[in-house]
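Enquirer: Structure: coords.txt, compact mmCIF, C-alpha atoms and all ligand atoms.
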# COMPACT_ATOMS: atom_id res chain seq x y z
CA MET A 1 -14.87 10.94 13.05
CA ASP A 2 -16.55 14.30 12.58
CA VAL A 3 -15.08 15.67 9.35
CA PRO A 4 -16.82 17.27 6.40
CA SER A 5 -17.42 14.95 3.44
CA SER A 6 -15.30 15.66 0.41
CA THR A 7 -14.31 14.24 -2.97
CA TRP A 8 -10.90 12.60 -3.42
CA LEU A 9 -9.07 11.65 -6.60
CA LEU A 10 -7.93 8.07 -5.91
CA THR A 11 -5.23 6.76 -8.25
CA GLY A 12 -4.90 2.98 -8.40
CA GLY A 13 -8.44 2.66 -7.03
CA ALA A 14 -9.13 -0.48 -9.10
CA GLY A 15 -6.20 -2.28 -7.42
CA TYR A 16 -6.12 -4.52 -4.37
CA ILE A 17 -5.49 -1.84 -1.74
CA GLY A 18 -7.11 1.01 -3.68
CA SER A 19 -10.46 -0.77 -3.93
CA HIS A 20 -10.48 -1.15 -0.12
CA VAL A 21 -9.51 2.51 0.33
CA LEU A 22 -12.35 3.48 -2.01
CA ARG A 23 -14.88 1.62 0.13
CA ALA A 24 -13.49 3.03 3.38
CA LEU A 25 -13.64 6.61 2.05
CA ARG A 26 -17.24 6.12 0.95
CA ALA A 27 -18.18 4.44 4.23
CA ALA A 28 -16.82 7.53 6.02
CA GLY A 29 -19.09 9.76 3.92
CA HIS A 30 -16.58 10.88 1.30
CA ASP A 31 -16.79 10.49 -2.45
CA ALA A 32 -14.00 9.43 -4.81
CA VAL A 33 -13.17 9.52 -8.49
CA VAL A 34 -10.76 6.77 -9.55
CA LEU A 35 -7.89 7.23 -12.00
CA ASP A 36 -6.49 3.89 -13.12
CA ASP A 37 -5.03 2.45 -16.33
CA LEU A 38 -6.31 -1.03 -15.37
CA SER A 39 -2.85 -2.51 -15.98
CA THR A 40 -3.24 -4.68 -12.88
CA GLY A 41 -6.50 -3.18 -11.60
CA LEU A 42 -9.94 -4.57 -12.35
CA ARG A 43 -13.01 -2.57 -13.44
CA GLU A 44 -15.25 -5.00 -11.56
CA ARG A 45 -13.69 -3.95 -8.26
CA LEU A 46 -15.38 -0.53 -8.68
CA PRO A 47 -19.01 0.05 -7.69
CA ASP A 48 -21.12 1.10 -10.71
CA ASP A 49 -21.64 4.66 -9.46
CA VAL A 50 -17.92 5.44 -9.18
CA GLU A 51 -16.45 7.55 -11.98
CA LEU A 52 -13.40 5.90 -13.54
CA LEU A 53 -10.83 8.00 -15.40
CA HIS A 54 -9.26 5.21 -17.45
CA HIS A 55 -5.90 6.83 -17.87
CA ASP A 56 -2.16 6.15 -17.57
CA LEU A 57 -0.24 8.47 -15.22
CA LEU A 58 2.48 8.71 -17.84
CA ASP A 59 0.14 9.82 -20.61
CA PRO A 60 0.85 13.46 -21.58
CA GLY A 61 -2.89 14.18 -21.46
CA LEU A 62 -2.98 13.80 -17.64
CA GLY A 63 -3.02 17.56 -17.03
CA ALA A 64 -6.05 18.03 -19.27
CA VAL A 65 -7.88 15.13 -17.57
CA LEU A 66 -7.38 16.69 -14.12
CA ALA A 67 -8.22 20.19 -15.35
CA ASP A 68 -11.48 18.85 -16.76
CA LEU A 69 -12.21 16.96 -13.53
CA THR A 70 -11.70 20.01 -11.30
CA ARG A 71 -13.96 22.08 -13.58
CA ARG A 72 -16.74 19.55 -12.87
CA ARG A 73 -15.98 18.51 -9.28
CA ASP A 74 -14.60 20.12 -6.16
CA VAL A 75 -11.63 17.80 -5.45
CA ALA A 76 -10.21 18.02 -1.91
CA GLY A 77 -7.06 16.03 -2.57
CA VAL A 78 -5.25 13.16 -4.26
CA VAL A 79 -4.82 9.72 -2.71
CA HIS A 80 -2.01 8.35 -4.86
CA LEU A 81 -1.68 4.56 -4.89
CA ALA A 82 -1.10 3.80 -8.60
CA ALA A 83 2.31 2.17 -8.94
CA LYS A 84 4.10 -1.02 -9.85
CA LYS A 85 4.83 -3.17 -6.80
CA SER A 86 6.87 -6.30 -7.59
CA VAL A 87 10.35 -6.33 -6.03
CA PRO A 88 11.77 -9.03 -8.37
CA GLU A 89 10.31 -7.29 -11.44
CA SER A 90 11.90 -4.02 -10.27
CA VAL A 91 15.29 -5.75 -10.13
CA ALA A 92 14.84 -7.05 -13.69
CA GLU A 93 13.38 -3.77 -15.06
CA PRO A 94 14.56 -0.87 -12.87
CA LEU A 95 13.89 1.84 -15.44
CA THR A 96 10.27 0.75 -15.82
CA TYR A 97 9.91 1.17 -12.06
CA TYR A 98 11.61 4.57 -11.99
CA GLU A 99 9.44 5.65 -14.92
CA HIS A 100 6.10 4.52 -13.44
CA ASN A 101 6.63 5.04 -9.72
CA VAL A 102 8.79 8.18 -9.68
CA GLY A 103 7.79 9.63 -13.07
CA GLY A 104 4.12 8.82 -12.42
CA THR A 105 4.21 10.53 -9.02
CA VAL A 106 5.92 13.62 -10.44
CA ALA A 107 3.36 13.77 -13.25
CA MET A 108 0.49 13.49 -10.76
CA LEU A 109 1.98 16.18 -8.50
CA ARG A 110 2.34 18.55 -11.45
CA ALA A 111 -1.12 17.89 -12.86
CA ALA A 112 -2.83 18.09 -9.45
CA THR A 113 -1.12 21.35 -8.52
CA ALA A 114 -1.90 22.88 -11.91
CA ALA A 115 -5.55 21.88 -11.39
CA GLY A 116 -5.55 23.59 -7.98
CA ILE A 117 -5.69 20.45 -5.79
CA GLY A 118 -3.94 21.23 -2.50
CA ARG A 119 -3.64 17.94 -0.59
CA PHE A 120 -1.62 14.81 -1.38
CA LEU A 121 -1.69 11.43 0.35
CA TYR A 122 1.10 9.18 -0.93
CA SER A 123 1.26 5.40 -0.75
CA SER A 124 4.71 4.40 0.51
CA SER A 125 6.16 1.18 1.83
CA ALA A 126 8.28 -0.38 4.57
CA ALA A 127 10.59 -1.23 1.65
CA VAL A 128 12.04 2.29 2.08
CA TYR A 129 13.90 1.07 5.20
CA GLY A 130 15.72 -1.84 3.53
CA GLU A 131 17.66 -4.04 5.93
CA THR A 132 16.67 -2.68 9.30
CA ALA A 133 18.86 -2.88 12.38
CA ALA A 134 16.20 -1.66 14.79
CA GLU A 135 13.13 -3.42 16.05
CA PRO A 136 10.63 -2.00 15.98
CA VAL A 137 11.45 0.34 13.08
CA GLY A 138 10.50 3.98 13.64
CA GLU A 139 10.07 6.60 10.93
CA ASP A 140 13.43 8.19 11.82
CA HIS A 141 15.29 4.96 11.09
CA PRO A 142 17.72 5.42 8.15
CA THR A 143 16.12 4.72 4.78
CA LEU A 144 18.39 2.41 2.79
CA PRO A 145 16.17 0.48 0.36
CA THR A 146 17.67 -2.70 -1.06
CA SER A 147 15.59 -2.93 -4.26
CA PRO A 148 14.75 -0.57 -7.12
CA TYR A 149 11.11 -0.87 -5.97
CA GLY A 150 11.99 0.45 -2.49
CA GLU A 151 14.13 3.21 -4.02
CA THR A 152 11.27 4.39 -6.21
CA LYS A 153 8.85 4.50 -3.26
CA LEU A 154 11.38 6.57 -1.29
CA ALA A 155 12.14 8.89 -4.21
CA GLY A 156 8.38 9.39 -4.61
CA GLU A 157 8.14 10.40 -0.93
CA TRP A 158 10.96 12.90 -1.39
CA ALA A 159 9.27 14.38 -4.47
CA VAL A 160 5.97 14.72 -2.59
CA ARG A 161 7.58 16.31 0.47
CA ARG A 162 9.75 18.76 -1.48
CA HIS A 163 6.96 19.76 -3.84
CA ALA A 164 4.50 20.15 -0.96
CA GLU A 165 6.94 22.40 0.89
CA ALA A 166 7.55 24.50 -2.21
CA GLU A 167 3.86 24.85 -3.09
CA GLY A 168 2.34 24.91 0.41
CA LEU A 169 0.39 21.66 -0.08
CA GLY A 170 -0.83 19.42 2.74
CA TRP A 171 0.82 16.00 2.50
CA THR A 172 1.39 12.68 4.16
CA ALA A 173 3.06 9.41 3.16
CA LEU A 174 1.80 6.14 4.61
CA ARG A 175 4.52 3.49 4.82
CA TYR A 176 2.60 0.24 4.64
CA PHE A 177 4.15 -2.85 6.18
CA ASN A 178 2.95 -6.30 4.94
CA VAL A 179 -0.59 -5.91 3.71
CA ALA A 180 -2.90 -8.95 3.85
CA GLY A 181 -6.53 -10.04 3.97
CA THR A 182 -9.52 -8.81 2.01
CA ALA A 183 -13.03 -7.51 2.57
CA SER A 184 -14.41 -9.89 -0.09
CA ALA A 185 -13.24 -12.37 -2.72
CA ALA A 186 -13.75 -9.79 -5.49
CA LEU A 187 -11.30 -7.34 -3.88
CA ALA A 188 -8.60 -9.89 -2.99
CA ASP A 189 -4.94 -9.51 -3.94
CA ARG A 190 -4.36 -11.26 -7.27
CA GLY A 191 -0.57 -10.84 -7.10
CA ALA A 192 1.42 -13.96 -6.32
CA THR A 193 4.41 -12.51 -4.50
CA ASN A 194 3.14 -11.85 -0.96
CA LEU A 195 3.39 -14.64 1.63
CA LEU A 196 -0.29 -15.03 2.48
CA PRO A 197 -1.52 -15.56 -1.10
CA LEU A 198 1.37 -18.05 -1.58
CA VAL A 199 0.37 -19.99 1.55
CA GLU A 200 -3.26 -19.92 0.42
CA ARG A 201 -2.20 -21.29 -2.95
CA ALA A 202 -0.25 -24.12 -1.25
CA ALA A 203 -3.31 -24.88 0.89
CA ARG A 204 -5.44 -25.24 -2.27
CA SER A 205 -2.95 -27.05 -4.50
CA GLY A 206 -1.11 -29.22 -1.98
CA GLU A 207 2.18 -28.01 -3.53
CA PRO A 208 4.48 -27.06 -0.62
CA VAL A 209 5.16 -23.38 -0.04
CA ARG A 210 8.85 -22.55 0.22
CA VAL A 211 10.19 -21.16 3.49
CA PHE A 212 13.45 -19.31 2.94
CA GLY A 213 15.59 -20.33 5.90
CA ASP A 214 14.80 -21.64 9.39
CA ASP A 215 18.09 -20.55 10.94
CA TRP A 216 17.40 -16.82 11.36
CA PRO A 217 17.90 -15.21 14.79
CA THR A 218 14.16 -15.31 15.55
CA PRO A 219 12.16 -17.46 18.02
CA ASP A 220 11.30 -20.22 15.50
CA GLY A 221 14.13 -19.49 13.05
CA THR A 222 11.91 -18.08 10.27
CA CYS A 223 11.62 -14.41 9.25
CA LEU A 224 9.35 -12.04 11.18
CA ARG A 225 7.16 -9.49 9.41
CA ASP A 226 4.51 -7.04 10.54
CA TYR A 227 1.21 -7.91 8.82
CA VAL A 228 -1.61 -5.38 8.62
CA HIS A 229 -5.15 -6.13 7.48
CA VAL A 230 -6.05 -4.24 4.30
CA GLU A 231 -9.26 -2.97 5.92
CA ASP A 232 -7.27 -1.50 8.82
CA LEU A 233 -4.92 0.03 6.27
CA ALA A 234 -7.86 1.51 4.35
CA GLU A 235 -9.12 3.10 7.59
CA ALA A 236 -5.66 4.65 8.08
CA HIS A 237 -6.21 6.45 4.75
CA VAL A 238 -9.52 7.82 5.99
CA ALA A 239 -7.82 9.08 9.17
CA ALA A 240 -5.03 10.64 7.10
CA ALA A 241 -7.57 12.30 4.79
CA ALA A 242 -9.28 13.77 7.86
CA ALA A 243 -5.97 15.20 9.11
CA LEU A 244 -5.33 16.77 5.70
CA LEU A 245 -8.81 18.30 5.70
CA GLU A 246 -8.04 19.80 9.10
CA GLY A 247 -5.06 21.55 7.51
CA ARG A 248 -2.44 19.25 9.01
CA SER A 249 0.55 17.61 7.24
CA PRO A 250 1.46 14.55 9.29
CA GLY A 251 4.49 13.63 7.12
CA ALA A 252 5.67 10.02 6.80
CA LEU A 253 3.87 7.49 9.01
CA ASN A 254 4.33 3.74 9.48
CA VAL A 255 1.20 1.63 9.06
CA GLY A 256 1.72 -1.62 10.95
CA ARG A 257 0.74 -3.40 14.14
CA ASN A 258 3.99 -3.34 16.09
CA ALA A 259 3.80 -7.15 16.07
CA GLY A 260 6.09 -9.61 14.34
CA THR A 261 4.60 -12.81 12.92
CA SER A 262 6.93 -15.53 11.63
CA VAL A 263 6.52 -17.42 8.38
CA LEU A 264 5.73 -20.62 10.30
CA GLU A 265 3.13 -18.75 12.37
CA VAL A 266 1.42 -17.58 9.16
CA ILE A 267 1.41 -21.16 7.83
CA ALA A 268 -0.02 -22.38 11.15
CA ALA A 269 -2.74 -19.69 11.10
CA VAL A 270 -3.81 -20.62 7.55
CA SER A 271 -3.73 -24.33 8.49
CA ALA A 272 -6.01 -23.62 11.47
CA VAL A 273 -8.51 -21.71 9.29
CA ARG A 274 -8.44 -24.40 6.60
CA GLY A 275 -8.64 -27.28 9.07
CA HIS A 276 -5.70 -29.09 7.48
CA GLU A 277 -1.93 -28.73 7.49
CA VAL A 278 -0.54 -26.53 4.71
CA PRO A 279 2.54 -28.26 3.27
CA TYR A 280 5.84 -26.37 3.30
CA GLU A 281 9.50 -27.02 2.61
CA ILE A 282 12.49 -25.28 4.14
CA VAL A 283 14.92 -24.00 1.50
CA GLY A 284 18.00 -21.76 1.78
CA ARG A 285 17.90 -18.13 2.85
CA ARG A 286 17.06 -15.62 0.12
CA PRO A 287 19.73 -12.92 -0.31
CA GLY A 288 18.57 -9.50 0.89
CA ASP A 289 15.82 -10.81 3.20
CA PRO A 290 16.05 -9.10 6.59
CA ALA A 291 15.37 -11.37 9.60
CA ARG A 292 12.83 -9.00 11.20
CA VAL A 293 10.83 -6.03 9.93
CA VAL A 294 8.37 -4.82 12.55
CA ALA A 295 6.81 -1.36 12.64
CA ASP A 296 6.94 1.09 15.47
CA ALA A 297 3.35 2.25 14.97
CA SER A 298 3.27 4.82 17.76
CA ARG A 299 3.60 7.93 15.56
CA ILE A 300 0.49 7.19 13.51
CA ALA A 301 -1.44 6.52 16.73
CA ASP A 302 -0.38 9.94 18.06
CA ALA A 303 -0.84 11.82 14.78
CA LEU A 304 -4.06 10.24 13.49
CA GLY A 305 -5.49 8.29 16.40
CA TRP A 306 -5.29 5.19 14.19
CA ARG A 307 -4.51 1.69 15.47
CA ALA A 308 -4.95 -1.66 13.75
CA THR A 309 -7.77 -3.71 15.25
CA ARG A 310 -7.54 -6.93 13.21
CA GLY A 311 -5.05 -9.71 13.88
CA ILE A 312 -3.34 -12.37 11.76
CA GLU A 313 -6.22 -14.82 12.25
CA GLU A 314 -8.67 -12.35 10.66
CA MET A 315 -6.25 -11.80 7.77
CA CYS A 316 -6.08 -15.56 7.17
CA ALA A 317 -9.83 -16.03 7.66
CA SER A 318 -10.71 -13.29 5.14
CA ARG A 319 -9.36 -15.35 2.27
CA PRO A 320 -10.69 -15.26 -1.29
N1 LIG B 1 0.49 -4.82 -1.50
C1 LIG B 1 1.41 -4.51 -0.58
O1 LIG B 1 1.77 -5.35 0.28
C2 LIG B 1 2.02 -3.12 -0.54
C3 LIG B 1 2.94 -2.81 0.48
C4 LIG B 1 3.48 -1.51 0.53
C5 LIG B 1 3.10 -0.56 -0.40
N2 LIG B 1 2.20 -0.89 -1.40
C6 LIG B 1 1.83 0.16 -2.35
O2 LIG B 1 0.42 0.20 -2.42
C7 LIG B 1 0.00 0.68 -3.69
C8 LIG B 1 -1.09 -0.22 -4.23
O3 LIG B 1 -0.62 -1.55 -4.28
P1 LIG B 1 -1.57 -2.79 -4.55
O4 LIG B 1 -1.05 -3.93 -3.76
O5 LIG B 1 -2.99 -2.41 -4.43
O6 LIG B 1 -1.22 -3.08 -6.09
P2 LIG B 1 -2.18 -3.29 -7.36
O7 LIG B 1 -1.29 -3.67 -8.50
O8 LIG B 1 -3.32 -4.17 -7.03
O9 LIG B 1 -2.74 -1.81 -7.58
C9 LIG B 1 -2.06 -0.80 -8.32
C10 LIG B 1 -3.10 -0.09 -9.16
O10 LIG B 1 -2.47 1.00 -9.88
C11 LIG B 1 -2.82 0.93 -11.25
N3 LIG B 1 -1.68 1.50 -12.01
C12 LIG B 1 -0.42 1.02 -12.04
N4 LIG B 1 0.34 1.81 -12.83
C13 LIG B 1 -0.46 2.81 -13.31
C14 LIG B 1 -0.26 3.92 -14.17
N5 LIG B 1 0.92 4.17 -14.74
N6 LIG B 1 -1.31 4.74 -14.42
C15 LIG B 1 -2.54 4.50 -13.87
N7 LIG B 1 -2.79 3.45 -13.06
C16 LIG B 1 -1.76 2.61 -12.78
C17 LIG B 1 -3.07 -0.53 -11.53
O11 LIG B 1 -3.93 -0.78 -12.64
C18 LIG B 1 -3.73 -1.00 -10.22
O12 LIG B 1 -5.14 -0.82 -10.23
C19 LIG B 1 1.26 0.74 -4.55
O13 LIG B 1 1.70 2.09 -4.58
C20 LIG B 1 2.26 -0.11 -3.79
O14 LIG B 1 3.58 0.31 -4.01
C21 LIG B 1 1.67 -2.14 -1.48
Would you encode the structure as structure tokens?
Expert:
Amino acid sequence: MDVPSSTWLLTGGAGYIGSHVLRALRAAGHDAVVLDDLSTGLRERLPDDVELLHHDLLDPGLGAVLADLTRRRDVAGVVHLAAKKSVPESVAEPLTYYEHNVGGTVAMLRAATAAGIGRFLYSSSAAVYGETAAEPVGEDHPTLPTSPYGETKLAGEWAVRRHAEAEGLGWTALRYFNVAGTASAALADRGATNLLPLVERAARSGEPVRVFGDDWPTPDGTCLRDYVHVEDLAEAHVAAAAALLEGRSPGALNVGRNAGTSVLEVIAAVSAVRGHEVPYEIVGRRPGDPARVVADASRIADALGWRATRGIEEMCASRP
């Protein structure tokens, strides 16, 4: 991709996805400064020569931190990933999620605009769609999130879009589907809520992983999701950054593979990589789980020329 190199302010850059985005930006010739409060992020995920602004989005000093940064560096835009991401935690503590995910995004928009930064790339989620009727799910599908987490990601998108329109900023929101895999053990997802880490844990411990229902209207009766390798996802951010640098605002874009993989297929893929059967037990359906969530990924291909190149086997093989 022939785009000028530039410096990006990457929030959440010490996290699972952010640390992959950081590497992809640098591999494409860009530079990045990371802003992260290290609440779930890890300092050791950052290369030594990356500047870390160890700061909470909600801290009132955010404006001064960005003003100081833009006095020292020419910042092309913000890549905003810092957020809380646990659906069950968001149900138990909705206000914490509204505060961090919506309040944090608003604070970053204000501080970035005041500091003269004119581009904003926002990390969104397939959770904005909620229980989807369509397969695959396109960006124009109604957004009816079923959890406070999904609501906060959608409200963040709205804030970004409305503010960008009012201020003439370039913007895009990437709606990630199920993110999996890692570039290295050090960058792996440490959270224990996504399916792949849970299956990996079962493979190591021998404790069966729970499968919520095998009577869904899907080929093998278990739920279908669209898994995307975190390194493909990171490359989507580089493509989006390039579009923003060209003066485009691609809006909201799905990041998925347009391929549904069932829970049993994920377990089989991990078993194949491990060379032994991963134990599992079928339990009842979990309320609120949609049977199928598969991305229509055609808009991002048209807008950014991005397509995922890694399959489920590579996600399972790139385990910590
Ligand atoms: N992991 C997924 O499957 C998935 C799917 C869809 C969307 N997302 C979105 O991707 C983004 C990154 O998720 P992740 O999986 O890398 O999670 P993560 O917890 O590994 O990373 C989040 C990072 O943000 C930082 N952070 C959180 N709150 C902050 C605050 N108030 N101020 C400063 N820093 C703060 C954390 O320290 C961490 O480094 C989130 O916005 C999440 O909603 C993730």
Enquirer: For ligand LIG 1 (chain B), collect every residue having any atom at a distance of at most 7 Å from a ligand atom (counting only C-alpha atoms and all ligand atoms); output as a ChimeraX atom specification.
Expert: /A:11-18,35-42,55-58,81-85,100,104,123-126,153,175-180,189,194
Enquirer: Could you work out how far CA of Ala133 in chain A lies from CA of Arg257 in chain A, giving the answer in Å with one decimal?
Expert: 18.2 Å
Enquirer: Can you tell me which residues surround Ala64 in chain A at a distance of at most 12 Å, considering all atoms listed in the file, apart from same-chain residues fewer than 3 positions away, and format the answer as a count of residues only?
Expert: 18
Enquirer: Could you check how far CA of Ser249 in chain A sits from CA of Arg225 in chain A, in Å to one decimal?
Expert: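 Computed distance, CA of Ser249 in chain A to CA of Arg225 in chain A, equals 28.0 Å.
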Enquirer: Quick one, how far is CA of Leu174 in chain A from CA of Leu253 in chain A?
Expert: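 Between CA of Leu174 in chain A and CA of Leu253 in chain A the gap works out to 5.0 Å.
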Enquirer: So which one's closest to Ala259 in chain A, A:Tyr98, A:Phe212, A:Trp306, A:Tyr227? Using all atoms listed in the file, please.
Expert: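 Looking only at the distances to Ala259 in chain A, the closest residue turns out to be A:Tyr227.
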Enquirer: Which neighbours of Pro197 in chain A fall inside 12 Å, counting all atoms listed in the file, when residues of the same chain fewer than 5 positions from it are skipped, and could you give them as a VMD selection string?
Expert: chain A and resid 178 to 182 188 to 192 202 to 204 209 266 to 267 270 315 to 316 318 to 320
